[in-house]
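Quick look at query11.cif (mmCIF, C-alpha atoms and all ligand atoms):
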```cif
data_model
loop_
_atom_site.label_atom_id
_atom_site.label_comp_id
_atom_site.auth_asym_id
_atom_site.auth_seq_id
_atom_site.Cartn_x
_atom_site.Cartn_y
_atom_site.Cartn_z
CA MET A 221 -0.79 13.33 28.04
CA ILE A 222 -1.92 11.02 25.25
CA SER A 223 -1.03 13.65 22.71
CA ALA A 224 2.47 14.01 24.22
CA ILE A 225 3.03 10.26 23.88
CA ASN A 226 1.62 10.25 20.35
CA SER A 227 3.84 13.03 19.15
CA GLU A 228 6.84 11.16 20.52
CA ILE A 229 6.02 8.10 18.43
CA ILE A 230 4.91 9.72 15.17
CA PRO A 231 8.17 10.54 13.33
CA GLU A 232 9.11 14.06 12.19
CA ASN A 233 10.52 12.79 8.88
CA TRP A 234 9.55 10.12 6.39
CA TYR A 235 12.30 7.72 5.32
CA ASN A 236 13.29 7.21 1.67
CA VAL A 237 15.18 3.96 0.98
CA ILE A 238 16.68 5.03 -2.38
CA PRO A 239 20.11 6.18 -1.03
CA ASP A 240 20.41 2.97 1.03
CA LEU A 241 19.78 0.51 -1.81
CA PRO A 242 22.68 -1.88 -2.59
CA GLU A 243 22.88 -0.41 -6.11
CA PRO A 244 21.34 2.53 -7.98
CA LEU A 245 17.68 2.10 -8.82
CA PRO A 246 17.01 1.73 -12.57
CA PRO A 247 15.00 4.86 -13.49
CA PRO A 248 11.45 4.82 -14.96
CA LYS A 249 11.30 5.11 -18.73
CA ASP A 250 8.83 5.87 -21.49
CA SER A 251 7.43 2.88 -23.29
CA LYS A 252 6.11 4.62 -26.40
CA ALA A 253 7.83 6.92 -28.84
CA GLU A 254 4.72 8.97 -29.61
CA PHE A 255 3.85 9.97 -26.09
CA SER A 256 5.90 10.58 -22.91
CA SER A 257 4.49 9.10 -19.70
CA ILE A 258 7.17 10.90 -17.75
CA ASN A 259 6.04 14.29 -19.08
CA LEU A 260 2.52 13.26 -18.24
CA LEU A 261 3.52 12.69 -14.59
CA ASN A 262 4.74 16.30 -14.53
CA LYS A 263 1.21 17.44 -15.32
CA ILE A 264 -0.89 15.14 -13.16
CA LEU A 265 1.08 14.75 -9.91
CA PRO A 266 1.45 17.48 -7.29
CA LYS A 267 4.93 19.00 -7.79
CA GLU A 268 6.06 18.02 -4.32
CA VAL A 269 5.04 14.39 -4.89
CA LEU A 270 6.94 14.39 -8.19
CA ARG A 271 10.04 15.78 -6.47
CA GLN A 272 9.81 13.07 -3.79
CA GLU A 273 9.49 10.45 -6.51
CA PHE A 274 13.00 11.17 -7.81
CA THR A 275 14.85 12.42 -4.72
CA PHE A 276 18.00 10.83 -3.28
CA LYS A 277 17.47 12.47 0.11
CA ARG A 278 17.22 9.93 2.92
CA TYR A 279 14.77 11.96 5.04
CA GLU A 280 11.82 14.09 4.03
CA LYS A 281 10.20 16.40 6.60
CA ILE A 282 6.56 15.53 7.26
CA PRO A 283 4.58 18.81 7.09
CA ASP A 284 2.99 19.81 10.43
CA GLU A 285 -0.44 19.83 8.78
CA VAL A 286 0.07 16.20 7.76
CA ILE A 287 1.20 15.15 11.25
CA GLU A 288 -1.91 16.86 12.63
CA GLN A 289 -4.11 14.77 10.36
CA TYR A 290 -2.12 11.61 11.11
CA GLU A 291 -3.08 12.11 14.74
CA GLN A 292 -6.71 12.73 13.80
CA ILE A 293 -7.06 9.49 11.83
CA GLY A 294 -5.56 7.35 14.58
CA ARG A 295 -1.77 7.54 14.39
CA PRO A 296 0.32 6.24 15.92
CA THR A 297 -1.30 2.87 15.31
CA PRO A 298 -0.77 0.31 18.05
CA LEU A 299 2.03 -2.23 18.20
CA ILE A 300 0.59 -5.14 20.14
CA ARG A 301 2.29 -8.21 21.55
CA ALA A 302 0.17 -11.18 20.50
CA LYS A 303 0.46 -13.07 23.76
CA ASN A 304 -2.70 -15.11 23.21
CA LEU A 305 -1.36 -16.29 19.88
CA GLU A 306 2.06 -17.07 21.38
CA LYS A 307 0.34 -19.27 23.98
CA TYR A 308 -1.90 -20.92 21.41
CA LEU A 309 1.16 -21.74 19.29
CA ASP A 310 3.19 -22.70 22.36
CA TYR A 311 5.93 -20.41 21.02
CA GLY A 312 8.89 -19.51 23.20
CA GLY A 313 9.70 -16.38 21.17
CA LYS A 314 7.69 -13.19 20.85
CA ILE A 315 5.13 -12.13 18.26
CA PHE A 316 4.15 -8.49 17.75
CA TYR A 317 1.78 -6.98 15.25
CA LYS A 318 1.50 -3.43 13.99
CA PHE A 319 -2.18 -2.73 13.36
CA GLU A 320 -2.90 -0.38 10.45
CA GLY A 321 -6.55 -1.46 10.62
CA ALA A 322 -6.88 0.98 13.52
CA THR A 323 -6.86 4.00 11.21
CA ALA A 324 -10.10 5.74 10.29
CA THR A 325 -10.41 4.04 6.91
CA GLY A 326 -9.27 0.66 8.21
CA SER A 327 -6.02 0.29 6.28
CA HIS A 328 -2.60 1.88 5.74
CA LYS A 329 -3.69 3.58 2.49
CA ILE A 330 -4.74 6.74 4.30
CA ASN A 331 -1.04 7.43 5.18
CA THR A 332 -0.11 8.40 1.64
CA ALA A 333 -3.57 9.70 0.67
CA ILE A 334 -3.29 12.42 3.33
CA ALA A 335 0.17 13.46 2.11
CA GLN A 336 -0.84 13.58 -1.56
CA ALA A 337 -4.10 15.47 -0.89
CA TYR A 338 -2.19 17.95 1.27
CA TYR A 339 0.32 18.71 -1.50
CA ALA A 340 -2.47 19.00 -4.08
CA LYS A 341 -4.38 21.41 -1.83
CA ASN A 342 -1.22 23.52 -1.40
CA GLU A 343 -1.01 23.98 -5.16
CA GLY A 344 -4.52 25.41 -5.26
CA VAL A 345 -5.89 22.82 -7.69
CA ASN A 346 -9.58 22.09 -8.22
CA GLY A 347 -9.61 18.59 -6.75
CA VAL A 348 -8.08 15.11 -6.78
CA THR A 349 -8.97 12.03 -8.75
CA THR A 350 -8.05 8.36 -8.84
CA GLU A 351 -9.21 4.86 -9.71
CA THR A 352 -10.19 2.16 -7.22
CA GLY A 353 -10.89 -1.55 -7.44
CA ALA A 354 -12.33 -2.98 -4.23
CA GLY A 355 -12.56 0.52 -2.78
CA GLN A 356 -9.84 0.67 -0.12
CA TRP A 357 -7.83 3.26 -2.03
CA GLY A 358 -10.96 5.16 -3.04
CA SER A 359 -12.05 5.39 0.60
CA ALA A 360 -8.64 6.72 1.67
CA THR A 361 -8.62 9.23 -1.19
CA ALA A 362 -12.15 10.42 -0.40
CA LEU A 363 -11.39 10.94 3.31
CA ALA A 364 -8.02 12.62 2.71
CA ALA A 365 -9.56 15.00 0.16
CA SER A 366 -12.42 15.76 2.50
CA LEU A 367 -10.01 16.58 5.37
CA TYR A 368 -8.41 19.26 3.18
CA LYS A 369 -11.77 20.34 1.71
CA LEU A 370 -10.98 19.21 -1.83
CA PRO A 371 -13.47 17.50 -4.17
CA ALA A 372 -12.54 13.88 -5.03
CA GLN A 373 -13.58 12.20 -8.29
CA ILE A 374 -13.23 8.43 -8.02
CA PHE A 375 -13.48 5.98 -10.90
CA MET A 376 -14.49 2.59 -9.47
CA VAL A 377 -14.09 -0.52 -11.63
CA LYS A 378 -17.68 -1.24 -12.66
CA VAL A 379 -17.77 -4.88 -11.57
CA SER A 380 -16.58 -3.87 -8.07
CA PHE A 381 -19.02 -0.95 -8.03
CA ILE A 382 -21.81 -3.50 -8.45
CA GLN A 383 -20.37 -6.21 -6.18
CA LYS A 384 -19.07 -4.00 -3.33
CA PRO A 385 -21.80 -1.45 -2.58
CA LEU A 386 -20.59 -0.95 1.02
CA ARG A 387 -17.29 0.66 0.04
CA LYS A 388 -19.14 2.97 -2.32
CA ILE A 389 -21.28 4.09 0.63
CA VAL A 390 -18.11 4.73 2.64
CA MET A 391 -16.66 6.90 -0.15
CA ASN A 392 -19.95 8.83 -0.47
CA LEU A 393 -20.01 9.42 3.31
CA TYR A 394 -16.57 11.03 2.95
CA ASN A 395 -18.00 13.31 0.22
CA GLY A 396 -16.30 11.41 -2.60
CA ASN A 397 -17.95 11.42 -6.04
CA VAL A 398 -17.91 7.82 -7.21
CA VAL A 399 -18.79 6.63 -10.71
CA PRO A 400 -18.57 3.15 -12.19
CA SER A 401 -15.75 2.96 -14.75
CA PRO A 402 -15.95 2.98 -17.77
CA SER A 403 -18.00 6.15 -17.25
CA ASN A 404 -19.38 8.87 -19.48
CA LEU A 405 -17.31 11.52 -17.66
CA THR A 406 -14.34 11.04 -20.00
CA GLU A 407 -13.80 10.65 -23.72
CA TYR A 408 -11.96 7.37 -23.11
CA GLY A 409 -14.85 6.00 -21.03
CA ARG A 410 -17.47 7.13 -23.57
CA LYS A 411 -15.54 5.41 -26.36
CA ILE A 412 -15.46 2.10 -24.48
CA LEU A 413 -19.14 2.37 -23.52
CA SER A 414 -20.14 3.04 -27.13
CA GLU A 415 -18.39 -0.20 -28.15
CA ASN A 416 -19.68 -2.22 -25.20
CA PRO A 417 -22.23 -0.64 -22.82
CA ASP A 418 -21.82 -3.61 -20.43
CA HIS A 419 -18.03 -3.45 -20.16
CA PRO A 420 -17.10 -4.66 -16.61
CA GLY A 421 -14.17 -2.23 -16.37
CA THR A 422 -10.54 -2.77 -15.36
CA LEU A 423 -8.05 -0.88 -13.20
CA GLY A 424 -6.24 0.12 -16.42
CA ILE A 425 -9.40 1.79 -17.77
CA GLY A 426 -9.96 3.47 -14.40
CA ILE A 427 -6.41 4.89 -14.45
CA SER A 428 -6.87 6.21 -17.99
CA GLU A 429 -10.14 7.88 -17.03
CA ALA A 430 -8.69 9.46 -13.88
CA VAL A 431 -5.65 10.77 -15.77
CA GLU A 432 -7.84 12.27 -18.51
CA TYR A 433 -10.10 13.81 -15.87
CA ALA A 434 -7.10 15.32 -14.04
CA LEU A 435 -5.78 16.90 -17.25
CA ASP A 436 -9.17 18.33 -18.27
CA HIS A 437 -10.25 19.70 -14.88
CA ASP A 438 -6.98 20.83 -13.27
CA TYR A 439 -7.24 18.02 -10.74
CA ARG A 440 -4.26 16.05 -9.43
CA TYR A 441 -3.96 12.28 -9.78
CA MET A 442 -3.47 10.25 -6.57
CA VAL A 443 -1.18 7.19 -6.68
CA ALA A 444 -2.07 4.26 -4.39
CA SER A 445 1.17 2.28 -4.42
CA VAL A 446 4.21 1.08 -6.43
CA MET A 447 5.69 4.58 -6.85
CA ASN A 448 8.50 5.54 -4.53
CA SER A 449 6.73 8.60 -3.11
CA ALA A 450 3.89 6.40 -1.82
CA LEU A 451 6.38 4.06 -0.13
CA THR A 452 8.15 7.03 1.45
CA HIS A 453 4.87 8.28 2.94
CA GLN A 454 4.11 4.78 4.22
CA SER A 455 7.45 4.72 6.09
CA VAL A 456 5.51 6.25 8.97
CA ILE A 457 4.45 2.63 9.73
CA GLY A 458 8.00 1.28 10.11
CA LEU A 459 9.39 4.38 11.83
CA GLU A 460 6.64 4.18 14.46
CA THR A 461 7.25 0.44 14.86
CA LYS A 462 10.99 1.02 15.42
CA LYS A 463 10.26 3.64 18.05
CA GLN A 464 7.64 1.48 19.77
CA LEU A 465 10.05 -1.48 19.93
CA GLU A 466 12.83 0.76 21.21
CA LEU A 467 10.59 2.10 24.01
CA ILE A 468 10.06 -1.45 25.33
CA GLY A 469 13.65 -2.57 24.70
CA GLU A 470 12.83 -5.08 21.94
CA HIS A 471 14.73 -5.88 18.74
CA ALA A 472 12.99 -7.22 15.62
CA ASP A 473 14.60 -10.47 14.43
CA VAL A 474 11.99 -11.02 11.72
CA LEU A 475 9.66 -8.65 9.83
CA ILE A 476 6.79 -9.98 7.74
CA GLY A 477 4.28 -8.13 5.53
CA CYS A 478 2.11 -8.66 2.45
CA VAL A 479 2.76 -7.21 -1.02
CA GLY A 480 0.26 -5.89 -3.54
CA GLY A 481 2.20 -3.01 -5.11
CA GLY A 482 4.53 -2.93 -2.10
CA SER A 483 3.45 0.19 -0.21
CA ASN A 484 2.53 -1.21 3.21
CA PHE A 485 5.44 -3.64 3.02
CA GLY A 486 8.04 -1.06 1.99
CA GLY A 487 6.66 1.43 4.50
CA PHE A 488 6.84 -1.12 7.30
CA THR A 489 10.21 -2.72 6.59
CA PHE A 490 12.46 -0.21 4.74
CA PRO A 491 13.18 1.96 7.82
CA PHE A 492 14.93 -1.11 9.28
CA ILE A 493 17.23 -1.55 6.24
CA PRO A 494 20.02 0.93 7.15
CA ASP A 495 20.61 -0.10 10.78
CA HIS A 496 19.17 -3.64 11.13
CA PRO A 497 21.42 -5.67 8.80
CA ASP A 498 20.65 -8.92 10.66
CA THR A 499 16.87 -8.59 10.65
CA GLU A 500 15.26 -11.18 8.41
CA ILE A 501 12.66 -9.56 6.15
CA ILE A 502 9.96 -11.58 4.35
CA ALA A 503 7.53 -10.34 1.68
CA THR A 504 4.39 -12.43 1.22
CA THR A 505 2.21 -12.66 -1.85
CA ALA A 506 -0.72 -14.79 -2.96
CA ASP A 507 0.35 -17.98 -4.71
CA GLU A 508 -2.32 -17.12 -7.29
CA VAL A 509 -0.24 -14.02 -8.18
CA PRO A 510 3.31 -15.44 -7.92
CA LYS A 511 5.22 -12.34 -9.04
CA PHE A 512 8.45 -13.06 -7.15
CA SER A 513 8.77 -16.80 -7.89
CA LYS A 514 7.40 -16.86 -11.45
CA GLY A 515 7.67 -13.24 -12.58
CA ASP A 516 10.71 -11.76 -14.34
CA TYR A 517 12.84 -8.89 -13.04
CA LYS A 518 12.50 -6.59 -16.06
CA TYR A 519 11.21 -3.28 -17.36
CA ASP A 520 7.43 -3.49 -17.59
CA LEU A 521 4.38 -1.25 -17.70
CA MET A 522 3.09 -0.06 -14.34
CA ASP A 523 -0.49 -0.20 -15.65
CA SER A 524 -2.20 -2.27 -18.33
CA ALA A 525 -3.32 0.89 -20.16
CA GLY A 526 0.30 2.03 -20.61
CA VAL A 527 -0.46 5.53 -19.32
CA LEU A 528 2.17 5.49 -16.56
CA PRO A 529 5.90 4.86 -17.26
CA GLU A 530 7.69 1.51 -17.41
CA VAL A 531 9.74 0.57 -14.38
CA ARG A 532 12.16 -2.25 -13.63
CA MET A 533 10.39 -4.64 -11.29
CA TYR A 534 9.33 -8.23 -10.74
CA SER A 535 6.34 -8.63 -13.01
CA LEU A 536 4.00 -11.26 -14.35
CA GLY A 537 3.29 -8.95 -17.30
CA ALA A 538 0.97 -5.94 -17.35
CA ASP A 539 -1.63 -8.04 -19.17
CA PHE A 540 -1.57 -10.74 -16.45
CA VAL A 541 -5.14 -11.58 -15.42
CA PRO A 542 -5.11 -13.06 -11.94
CA PRO A 543 -7.72 -15.59 -10.87
CA THR A 544 -10.45 -14.00 -8.74
CA ILE A 545 -8.95 -14.14 -5.27
CA TYR A 546 -10.64 -12.37 -2.42
CA ALA A 547 -7.53 -10.37 -1.50
CA GLY A 548 -8.24 -7.73 -4.17
CA GLY A 549 -5.25 -5.64 -3.07
CA LEU A 550 -2.82 -8.43 -3.96
CA ARG A 551 -3.91 -8.89 -7.59
CA TYR A 552 -1.37 -6.40 -8.99
CA HIS A 553 1.01 -7.89 -11.60
CA GLY A 554 4.24 -6.28 -10.31
CA ALA A 555 5.87 -4.77 -7.22
CA SER A 556 7.55 -1.47 -6.45
CA PRO A 557 11.03 -1.07 -8.06
CA SER A 558 12.90 -0.55 -4.77
CA LEU A 559 11.34 -3.66 -3.22
CA SER A 560 12.02 -5.63 -6.42
CA LEU A 561 15.70 -4.61 -6.29
CA LEU A 562 16.04 -5.61 -2.63
CA ILE A 563 14.49 -9.00 -3.40
CA ASN A 564 16.70 -9.45 -6.46
CA LYS A 565 19.79 -8.73 -4.32
CA GLY A 566 18.67 -11.22 -1.69
CA ARG A 567 18.23 -8.68 1.14
CA ILE A 568 14.50 -9.42 1.30
CA LYS A 569 13.05 -12.94 0.97
CA SER A 570 9.69 -13.80 -0.49
CA ASP A 571 6.96 -16.29 0.34
CA GLU A 572 3.63 -17.31 -1.19
CA VAL A 573 0.55 -18.63 0.54
CA ASN A 574 -2.77 -19.92 -0.78
CA GLN A 575 -6.32 -18.90 0.00
CA GLU A 576 -7.10 -21.82 2.31
CA GLU A 577 -4.01 -21.11 4.45
CA VAL A 578 -5.00 -17.44 4.51
CA LYS A 579 -8.56 -18.15 5.65
CA ASN A 580 -7.28 -20.43 8.42
CA ALA A 581 -4.73 -17.80 9.45
CA ILE A 582 -7.42 -15.10 9.67
CA ARG A 583 -9.54 -17.49 11.78
CA THR A 584 -6.66 -18.32 14.13
CA PHE A 585 -5.77 -14.65 14.53
CA ALA A 586 -9.42 -13.68 15.16
CA ASN A 587 -9.85 -16.42 17.75
CA THR A 588 -6.72 -15.54 19.67
CA GLN A 589 -6.26 -11.78 19.23
CA GLY A 590 -9.83 -10.76 18.36
CA ILE A 591 -8.78 -8.80 15.28
CA ILE A 592 -10.42 -9.77 11.99
CA ALA A 593 -7.62 -9.09 9.52
CA ALA A 594 -8.11 -8.00 5.91
CA PRO A 595 -7.65 -10.84 3.39
CA GLU A 596 -4.44 -9.15 2.20
CA SER A 597 -3.05 -8.97 5.74
CA GLY A 598 -4.11 -12.60 6.26
CA HIS A 599 -1.29 -13.54 3.87
CA ALA A 600 1.29 -11.98 6.20
CA ILE A 601 -0.28 -13.74 9.18
CA ALA A 602 -0.21 -17.09 7.32
CA THR A 603 3.50 -16.66 6.54
CA MET A 604 4.14 -15.76 10.18
CA LEU A 605 2.29 -18.91 11.40
CA ASN A 606 4.34 -21.06 8.99
CA TYR A 607 7.52 -19.34 10.17
CA VAL A 608 6.77 -20.08 13.82
CA LYS A 609 6.07 -23.73 12.98
CA ALA A 610 9.38 -24.05 11.09
CA HIS A 611 11.47 -22.23 13.74
CA LYS A 612 9.70 -23.43 16.86
CA ASN A 613 12.78 -23.61 19.08
CA GLU A 614 14.55 -20.43 18.02
CA LYS A 615 12.77 -17.92 20.29
CA LYS A 616 12.80 -15.04 17.82
CA THR A 617 11.02 -11.72 18.03
CA ILE A 618 8.73 -11.61 15.01
CA VAL A 619 6.87 -8.46 13.95
CA VAL A 620 4.10 -8.68 11.38
CA ASN A 621 2.27 -5.80 9.72
CA VAL A 622 -1.51 -6.20 9.71
CA SER A 623 -2.21 -3.72 6.93
CA GLY A 624 -5.97 -3.52 7.44
CA HIS A 625 -9.07 -4.98 9.06
CA GLY A 626 -11.44 -7.24 7.17
CA LEU A 627 -14.79 -6.04 8.48
CA LEU A 628 -15.99 -5.13 4.98
CA ASP A 629 -14.70 -8.40 3.51
CA LEU A 630 -16.62 -10.82 5.71
CA SER A 631 -18.42 -12.41 2.77
CA ILE A 632 -15.36 -14.63 2.21
CA PHE A 633 -16.45 -16.55 5.30
CA GLN A 634 -20.09 -16.96 4.22
C1 LIG B 701 -4.31 -2.18 -0.88
C2 LIG B 701 -4.00 -3.07 0.27
C3 LIG B 701 -2.85 -3.91 0.28
C4 LIG B 701 -1.91 -4.02 -0.88
O1 LIG B 701 -1.30 -2.84 -1.30
P1 LIG B 701 0.23 -2.48 -0.98
O2 LIG B 701 0.50 -1.28 -1.79
O3 LIG B 701 1.06 -3.65 -1.40
O4 LIG B 701 0.34 -2.26 0.47
C5 LIG B 701 -2.60 -4.67 1.40
N1 LIG B 701 -3.43 -4.65 2.48
C6 LIG B 701 -4.54 -3.88 2.50
C7 LIG B 701 -5.41 -3.92 3.71
C8 LIG B 701 -4.87 -3.07 1.40
O5 LIG B 701 -5.98 -2.31 1.43
#
```

Reformat the file's structure so that it appears as structure tokens.
Amino acid sequence: MISAINSEIIPENWYNVIPDLPEPLPPPKDSKAEFSSINLLNKILPKEVLRQEFTFKRYEKIPDEVIEQYEQIGRPTPLIRAKNLEKYLDYGGKIFYKFEGATATGSHKINTAIAQAYYAKNEGVNGVTTETGAGQWGSATALAASLYKLPAQIFMVKVSFIQKPLRKIVMNLYNGNVVPSPSNLTEYGRKILSENPDHPGTLGIGISEAVEYALDHDYRYMVASVMNSALTHQSVIGLETKKQLELIGEHADVLIGCVGGGSNFGGFTFPFIPDHPDTEIIATTADEVPKFSKGDYKYDLMDSAGVLPEVRMYSLGADFVPPTIYAGGLRYHGASPSLSLLINKGRIKSDEVNQEEVKNAIRTFANTQGIIAAPESGHAIATMLNYVKAHKNEKKTIVVNVSGHGLLDLSIFQ
């Protein structure tokens, strides 16, 4: 019975927004003459992921083996009407939240990790590799690899490796091999360590190490966000939400989500773009990383190491060093090209909230709905609370994506 209902809600196809954009998406390009990042992608990504990166097809069939694993890790995730919060806010409209924290790894990242690991496994490669900061992406990669019986080599930014031992334990439990980056597993890492044995590491160094490791060991590189293929895989969030709303006869007037690289946001909102022209869509970021209000819409490097191609996006510059905010997933300097285009054309609005508002929002949500949201998701909740305050008498149906739970981030409340 449950399985029958589940399979009705989990979509059969992912949705790709590219053909529905208001104008053609500027393509990725190489930034250096001496070395082609685009050729590099050909070698390090599973072929199917690479094809999905550049396709103009609107729908992409989700392989049965991936749907099976989606069910195993907790899909469909619940869409819950936040009635306690509505009462607390004395709001005449409706508030719903989609809860990606209900997946096995506690965030949406597993949705694309499973797809990428599946395609890598199909190619008969030796394993998968990636970088991770706070460890959310590393945990998703480790579990997805483990589900398809592939080794996972994870390069964790050294300062996070030291400060966030719990996520390292999670990755180890899922059979992931985790090393602090810079590491001595790669030539690039060894070079940095020989210059400075106490280097704290950066995501850029982690990416370089993972790419080198993939090339040398016939592994495939797993991409957390920003790239179109990752957003396509994440569309399972929005497609489920549409179906769940349809089943109860509701229409979304407003959609709100948070943006790091744009994967949970694009996955949640893009499926509404073709047939919900009147739905208001709001992308929230941290005001410490004000990419949409203070960044430029330009070609820029996807990563500070310059290993991956340049893409046209809102960016604060690949060398932007954000202040230490506790929402680690929102520190990225740019945002996915398709999302950037939709913001530039005015179809999607943006908002920024600060850490104090976010903490209060997480508290309010925990006290009314019981869910302790991830700091990243707290930004979306804060924007939603501000929206309700500003539109008190409009009785809208607001749907917010809670991209993850915050049970491993509790130290922010110490
Ligand atoms: C990584 C992460 C984000 C930010 O990444 P996107 O690609 O923008 O979705 C947001 N929320 C949670 C819980 C995360 O782990």

Exercise. Can you tell me which residues sit at most 6 Å away from ligand LIG 701 (chain B), counting all atoms listed in the file, written as a list in words?
Worked result: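 The distance check yields Ser327, Gln356, Ser445, Val479, Gly480, Gly481, Gly482, Ser483, Asn484, Phe485, Gly549, Leu550, Ala594, Glu596, Ser597, Ser623 and Gly624 of chain A.
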
Give me the segment 571-591 of chain A side of the contact with segment 510-519 of chain A, cut-off 10 Å, one line per residue showing its nearest atom pair and distance in Å at one decimal, counting only C-alpha atoms, sorted by chain and residue number, as a Markdown table.
```
| residue | atom | partner | partner_atom | distance |
| --- | --- | --- | --- | --- |
| A:Asp571 | CA | A:Phe512 | CA | 8.3 |
| A:Glu572 | CA | A:Pro510 | CA | 7.0 |
| A:Val573 | CA | A:Pro510 | CA | 9.5 |
```

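Candidate residues A:Trp234, A:Phe633, A:Tyr433, A:Phe274 were compared for distance to Asn448 of chain A, and the nearest is A:Phe274, using all atoms listed in the file.
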
Excluding Leu627 of chain A and residues on its chain fewer than 2 positions from it, collect all residues at most 8 Å away from it, counting only C-alpha atoms, and give them as a PDB file with C-alpha atoms, keeping the file's coordinate frame.
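So result24.pdb came out as:
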```pdb
ATOM      1  CA  ILE A 592     -10.420  -9.770  11.990  1.00  0.00           C
ATOM      2  CA  ALA A 593      -7.620  -9.090   9.520  1.00  0.00           C
ATOM      3  CA  ALA A 594      -8.110  -8.000   5.910  1.00  0.00           C
ATOM      4  CA  HIS A 625      -9.070  -4.980   9.060  1.00  0.00           C
ATOM      5  CA  ASP A 629     -14.700  -8.400   3.510  1.00  0.00           C
ATOM      6  CA  LEU A 630     -16.620 -10.820   5.710  1.00  0.00           C
TER       7      LEU A 630
END
```

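Take atom CA of Leu305 of chain A and atom CA of Asn613 of chain A: the distance between them is 15.9 Å.
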
For this session: Please provide the set of residues having any atom within 12 Å of Tyr338 of chain A, restricted to only C-alpha atoms, with same-chain residues fewer than 6 positions apart removed, written as an MDAnalysis selection string.
Result: chainID A and resid 266:269 282:290 330:332 344:345 347:348 361 363:370 440 442

Output as lines of an AutoDock Vina configuration file the centre and edge lengths (Å, one decimal) of the box along x, y and z of the file that holds every listed atom of segment 501-511 of chain A after adding 5 Å on each side.
```
center_x = 5.2
center_y = -13.8
center_z = -1.4
size_x = 25.0
size_y = 18.4
size_z = 25.2
```

Problem set entry | Shell around segment 533-542 of chain A at 10 Å using all atoms listed in the file, local window under 2 positions removed, as a PyMOL selection string | chain A and resi 246+424+446+508-526+530-531+544-545+548+550-561+563-564

Please report as CSV every residue of segment 420-501 of chain A lying within 8 Å of segment 408-411 of chain A, along with the nearest atom pair and their distance in Å (one decimal), using all atoms listed in the file.
```
residue,atom,partner,partner_atom,distance
A:Ile425,CA,A:Gly409,CA,7.6
A:Ser428,CA,A:Tyr408,CA,7.3
A:Glu429,CA,A:Tyr408,CA,6.4
A:Glu432,CA,A:Tyr408,CA,7.9
```

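Atom CA of Lys329 of chain A lies 23.7 Å from atom CA of Asn574 of chain A.
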
Exercise. With distances taken over only C-alpha atoms, which of A:Ile582, A:Val620, A:Ile591, A:Leu241 is nearest to Ala322 of chain A?
Worked result: A:Ile591

Exercise. Which value, in Å to one decimal, gives the distance between atom CA of Gln373 of chain A and atom CA of Pro400 of chain A?
Worked result: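 Atom-to-atom, atom CA of Gln373 of chain A and atom CA of Pro400 of chain A are spaced 11.0 Å apart.
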
Seminar exercise, completed: If you count only C-alpha atoms, the residue of A:Lys569, A:Arg278, A:Tyr546, A:Ala600 closest to Ile632 of chain A turns out to be A:Tyr546

Exercise. A:Val619, A:Leu528, A:Ile601, A:Ile300: which is nearest Glu500 of chain A, counting all atoms listed in the file?
Worked result: A:Val619

Exercise. Nearest to Pro529 of chain A among A:Met447, A:Val390, A:Ile412, A:Val398, with distances taken over all atoms listed in the file: which residue is it?
Worked result: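 Selected residue with least distance to Pro529 of chain A: A:Met447.
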
Problem set entry | Pick from A:Lys388, A:Arg271, A:Arg532, A:Arg583, whichever lies nearest to Tyr339 of chain A using all atoms listed in the file | A:Arg271
